[in-house]
Amino acid sequence: MFGFFKKLAAPFAKMKSFLGQKIKDLFSRGADERAFDELERLFYEADLGAATAAELVDKIRQLSRKKKDLTSDEILSFVKSELLAMLGSPHVSSSSKKPHVILMVGVNGSGKTTSLAKLASHYRSEGKKVLIAAGDTFRAAAVEQLETWANRVGVDIIKAQPKSDPSAVAFDALQAAQARGVDIVLIDTAGRLQTKTDLMNELAKVRRVCQKQIPDSPHETLLALDATVGQNALDQAKTFHQFTPITGIILTKLDGSAKGGIAVAIQSQLKIPILWVGTGEGAEDLAPFDSESYVSALLK
Ligand SMILES: Nc1nc2c(ncn2[C@@H]2O[C@H](COP(=O)(O)OP(=O)(O)OP(=O)(O)O)[C@@H](O)[C@H]2O)c(=O)[nH]1
Ligand SMILES: [Mg+2]
């Protein structure tokens with residue numbers, strides 16, 4: 001039991017947030033208006049978003065009016081419970097369909113391919129038969145990168161010539177998956193800026209082609225979001241969601257990030273669940289998103 005929780009908390013321990021210590025220092029000499037202004041800045045810098053930062057500070061201000069001798073520990077535990085409430089209940093990514101098809105999307109360099117490899121490794125360790133599709137046909141190097149991962153993780157890969165249509169690769173992969181009795185299909189895609197409409201339409205096409213082969217697929221469309229890009233992550237999520245409904249987010253590069261507050265902003269503003277977090281470059285550096293461990297790490 002303890003081992004399980006330790007394992008869950010461990011990835012979040014790599015976050016470099018010291019928000020909790022800063023809040024304690026700030027209120028160690030009482031709660032005055034200057035401290036509240038500074039608190040709002042701290043929340044903002046942690047990427048909670050301007051509206052959330054202001055709202056949270058207002059609530060603490062009201063609390064301190066009611067209770068004159070409010071301690072910094074009390075403030076901290078109040079912040080913790082508020083953040084947990086904003087994050088809502090945990091979500092699990094289910095995979096009851098066979099094959100269960102997962103489409104990975106996101107901007108350039110957000111961590112799609114690495115996260116896809118991590119997921120392949122995760123499902124394989126559960127004994128599932130996994131197939132990955134090299135849907136990033138844009139660069140030859142992208143196929144090589146995925147092939148290296150496929151060999152390392154020990155899963156099959158479907159690929160095509162560079163510059164070929166990514167939806168054709170997806171179609172081939174789904175067909176192969178049905179023929180081979182595959183449990184999980186993971187489709188990689190090329191990175192694309194959310195502002196490039198033609199490239200975003202290409203994703204919608206991949207989705208349509210998947211549906212032609214397996215009507216309720218893709219069962220999951222996961223958006224890889226780099227935790228270090230700040231509030232732009234919200235724009236990315238909103239636009240990708242318009243072109244291809246996002247069922248969950250993988251928040252990558254949370255290791256070393258001092259700005260983990262973006263998870264709160266995403267989940268409270270967009271209502272898209274964060275399912276996984278990436279905390280490193282290795283196959284094992286993936287963990288289910290766990291609000292308790294996350295908030296504890298954020299308020300370290
Ligand atoms: N520290 C850290 N690095 C990561 C993480 N996830 C991915 N990376 C690194 O980020 C870089 C980009 O990762 P990729 O998986 O290639 O990103 P991508 O979205 O597939 O990139 P494109 O296909 O070029 O759009 C690589 O150097 C990865 O090793 C993470 O959770 N933590
Ligand atoms: Mg990639």
# chains A, B, ... in the order shown; residues from 1 in each chain; ligands from 1
$ residues_near_ligand --ligand "ligand 2" --cutoff "9 Å" --atoms "only C-alpha atoms and all ligand atoms" --output "PDB file with C-alpha atoms, in the first residue's frame"
ATOM      1  CA  ASN A 108       5.892  20.837 -32.275  1.00  0.00           C
ATOM      2  CA  GLY A 109       8.131  19.446 -29.576  1.00  0.00           C
ATOM      3  CA  SER A 110       5.397  19.163 -26.948  1.00  0.00           C
ATOM      4  CA  GLY A 111       6.358  15.561 -26.193  1.00  0.00           C
ATOM      5  CA  LYS A 112       3.944  13.541 -28.362  1.00  0.00           C
ATOM      6  CA  THR A 113       6.342  10.851 -29.548  1.00  0.00           C
ATOM      7  CA  THR A 114       8.008  10.382 -26.164  1.00  0.00           C
ATOM      8  CA  LEU A 116       3.334   7.769 -26.949  1.00  0.00           C
ATOM      9  CA  ASP A 136       4.288  11.753 -38.362  1.00  0.00           C
ATOM     10  CA  ALA A 142      10.326  11.243 -36.904  1.00  0.00           C
ATOM     11  CA  VAL A 143       9.786   7.692 -38.177  1.00  0.00           C
ATOM     12  CA  GLN A 145      12.723   8.179 -33.609  1.00  0.00           C
ATOM     13  CA  LEU A 146       9.537   6.147 -33.252  1.00  0.00           C
ATOM     14  CA  ASP A 188       1.662   9.455 -33.518  1.00  0.00           C
ATOM     15  CA  THR A 189       1.161  12.659 -35.510  1.00  0.00           C
ATOM     16  CA  ALA A 190       3.401  15.479 -36.668  1.00  0.00           C
ATOM     17  CA  GLY A 191       3.665  18.563 -34.503  1.00  0.00           C
TER      18      GLY A 191
END
$ residues_around --residues "Phe27 of chain A" --least-positions-apart "4" --cutoff "9 Å" --atoms "only C-alpha atoms" --output "ChimeraX atom specification"
/A:22-23,31-32,35-36,71-72,75
$ residues_around --residues "Asp290 of chain A" --least-positions-apart "5" --cutoff "10 Å" --atoms "only C-alpha atoms" --output "MDAnalysis selection string"
chainID A and resid 8:9 12 87 89:91 274:277 295
$ write_last_selection --atoms "N, CA and C atoms" --output "mmCIF file, in the first residue's frame"
data_model
loop_
_atom_site.group_PDB
_atom_site.id
_atom_site.type_symbol
_atom_site.label_atom_id
_atom_site.label_comp_id
_atom_site.auth_asym_id
_atom_site.auth_seq_id
_atom_site.Cartn_x
_atom_site.Cartn_y
_atom_site.Cartn_z
ATOM 1 N N LEU A 8 3.261 6.830 -6.716
ATOM 2 C CA LEU A 8 2.435 7.894 -7.288
ATOM 3 C C LEU A 8 3.019 9.269 -7.000
ATOM 4 N N ALA A 9 3.515 9.461 -5.789
ATOM 5 C CA ALA A 9 4.014 10.771 -5.385
ATOM 6 C C ALA A 9 5.370 11.073 -6.017
ATOM 7 N N PHE A 12 5.891 13.512 -9.039
ATOM 8 C CA PHE A 12 5.585 14.909 -8.747
ATOM 9 C C PHE A 12 6.689 15.563 -7.918
ATOM 10 N N LEU A 87 -9.452 21.161 -9.090
ATOM 11 C CA LEU A 87 -8.990 20.046 -9.932
ATOM 12 C C LEU A 87 -10.057 18.976 -10.104
ATOM 13 N N SER A 89 -12.523 15.593 -9.353
ATOM 14 C CA SER A 89 -12.214 14.198 -9.048
ATOM 15 C C SER A 89 -11.295 13.602 -10.115
ATOM 16 N N PRO A 90 -10.553 12.564 -9.749
ATOM 17 C CA PRO A 90 -9.603 11.982 -10.695
ATOM 18 C C PRO A 90 -10.307 11.279 -11.860
ATOM 19 N N HIS A 91 -9.625 11.256 -12.974
ATOM 20 C CA HIS A 91 -10.170 10.599 -14.164
ATOM 21 C C HIS A 91 -9.290 9.409 -14.494
ATOM 22 N N ILE A 274 -6.774 16.080 -17.152
ATOM 23 C CA ILE A 274 -5.370 15.731 -17.314
ATOM 24 C C ILE A 274 -5.269 14.275 -16.877
ATOM 25 N N LEU A 275 -4.891 13.408 -17.795
ATOM 26 C CA LEU A 275 -4.865 11.981 -17.478
ATOM 27 C C LEU A 275 -3.485 11.514 -17.036
ATOM 28 N N TRP A 276 -2.469 12.079 -17.672
ATOM 29 C CA TRP A 276 -1.102 11.622 -17.416
ATOM 30 C C TRP A 276 -0.166 12.804 -17.256
ATOM 31 N N VAL A 277 0.934 12.571 -16.569
ATOM 32 C CA VAL A 277 2.001 13.570 -16.542
ATOM 33 C C VAL A 277 3.311 12.917 -16.954
ATOM 34 N N VAL A 295 -0.859 18.601 -5.930
ATOM 35 C CA VAL A 295 -1.013 19.819 -5.122
ATOM 36 C C VAL A 295 0.043 19.867 -4.012
#
$ closest_atom_pairs --of "segment 101-145 of chain A" --to "segment 149-156 of chain A" --cutoff "10 Å" --atoms "only C-alpha atoms" --output "JSON lines"
{"residue": "A:Thr113", "atom": "CA", "partner": "A:Trp149", "partner_atom": "CA", "distance": 8.8}
{"residue": "A:Thr114", "atom": "CA", "partner": "A:Trp149", "partner_atom": "CA", "distance": 8.2}
{"residue": "A:Leu116", "atom": "CA", "partner": "A:Trp149", "partner_atom": "CA", "distance": 9.3}
{"residue": "A:Ala117", "atom": "CA", "partner": "A:Trp149", "partner_atom": "CA", "distance": 6.1}
{"residue": "A:Lys118", "atom": "CA", "partner": "A:Val153", "partner_atom": "CA", "distance": 8.5}
{"residue": "A:Leu119", "atom": "CA", "partner": "A:Val153", "partner_atom": "CA", "distance": 9.9}
{"residue": "A:Ala120", "atom": "CA", "partner": "A:Val153", "partner_atom": "CA", "distance": 7.2}
{"residue": "A:Ser121", "atom": "CA", "partner": "A:Val153", "partner_atom": "CA", "distance": 5.6}
{"residue": "A:His122", "atom": "CA", "partner": "A:Val153", "partner_atom": "CA", "distance": 9.3}
{"residue": "A:Arg124", "atom": "CA", "partner": "A:Val155", "partner_atom": "CA", "distance": 7.9}
{"residue": "A:Ser125", "atom": "CA", "partner": "A:Val153", "partner_atom": "CA", "distance": 9.5}
{"residue": "A:Lys129", "atom": "CA", "partner": "A:Val155", "partner_atom": "CA", "distance": 7.8}
{"residue": "A:Val130", "atom": "CA", "partner": "A:Val155", "partner_atom": "CA", "distance": 5.9}
{"residue": "A:Leu131", "atom": "CA", "partner": "A:Asp156", "partner_atom": "CA", "distance": 5.1}
{"residue": "A:Ile132", "atom": "CA", "partner": "A:Asp156", "partner_atom": "CA", "distance": 6.3}
{"residue": "A:Ala133", "atom": "CA", "partner": "A:Asp156", "partner_atom": "CA", "distance": 8.7}
{"residue": "A:Val143", "atom": "CA", "partner": "A:Trp149", "partner_atom": "CA", "distance": 9.9}
{"residue": "A:Glu144", "atom": "CA", "partner": "A:Trp149", "partner_atom": "CA", "distance": 8.6}
{"residue": "A:Gln145", "atom": "CA", "partner": "A:Trp149", "partner_atom": "CA", "distance": 6.5}
$ write_last_selection --atoms "C-alpha atoms" --output "mmCIF file, in the first residue's frame"
data_model
loop_
_atom_site.group_PDB
_atom_site.id
_atom_site.type_symbol
_atom_site.label_atom_id
_atom_site.label_comp_id
_atom_site.auth_asym_id
_atom_site.auth_seq_id
_atom_site.Cartn_x
_atom_site.Cartn_y
_atom_site.Cartn_z
ATOM 1 C CA THR A 113 6.342 10.851 -29.548
ATOM 2 C CA THR A 114 8.008 10.382 -26.164
ATOM 3 C CA LEU A 116 3.334 7.769 -26.949
ATOM 4 C CA ALA A 117 6.356 5.533 -26.322
ATOM 5 C CA LYS A 118 5.793 5.804 -22.565
ATOM 6 C CA LEU A 119 2.148 4.787 -23.012
ATOM 7 C CA ALA A 120 3.196 1.876 -25.239
ATOM 8 C CA SER A 121 5.562 0.750 -22.510
ATOM 9 C CA HIS A 122 2.867 1.161 -19.841
ATOM 10 C CA ARG A 124 2.823 -3.512 -22.655
ATOM 11 C CA SER A 125 3.751 -3.915 -19.006
ATOM 12 C CA LYS A 129 -0.669 -6.246 -27.312
ATOM 13 C CA VAL A 130 0.365 -2.822 -28.573
ATOM 14 C CA LEU A 131 0.783 -1.440 -32.086
ATOM 15 C CA ILE A 132 2.140 2.018 -32.845
ATOM 16 C CA ALA A 133 1.562 3.959 -36.047
ATOM 17 C CA VAL A 143 9.786 7.692 -38.177
ATOM 18 C CA GLU A 144 13.312 6.713 -37.078
ATOM 19 C CA GLN A 145 12.723 8.179 -33.609
#
$ select_by_dssp --residues "segment 19-268 of chain A" --states "strand (DSSP E)" --output "PyMOL selection string"
chain A and resi 100-105+130-133+156-158+184-187+220-226+248-252
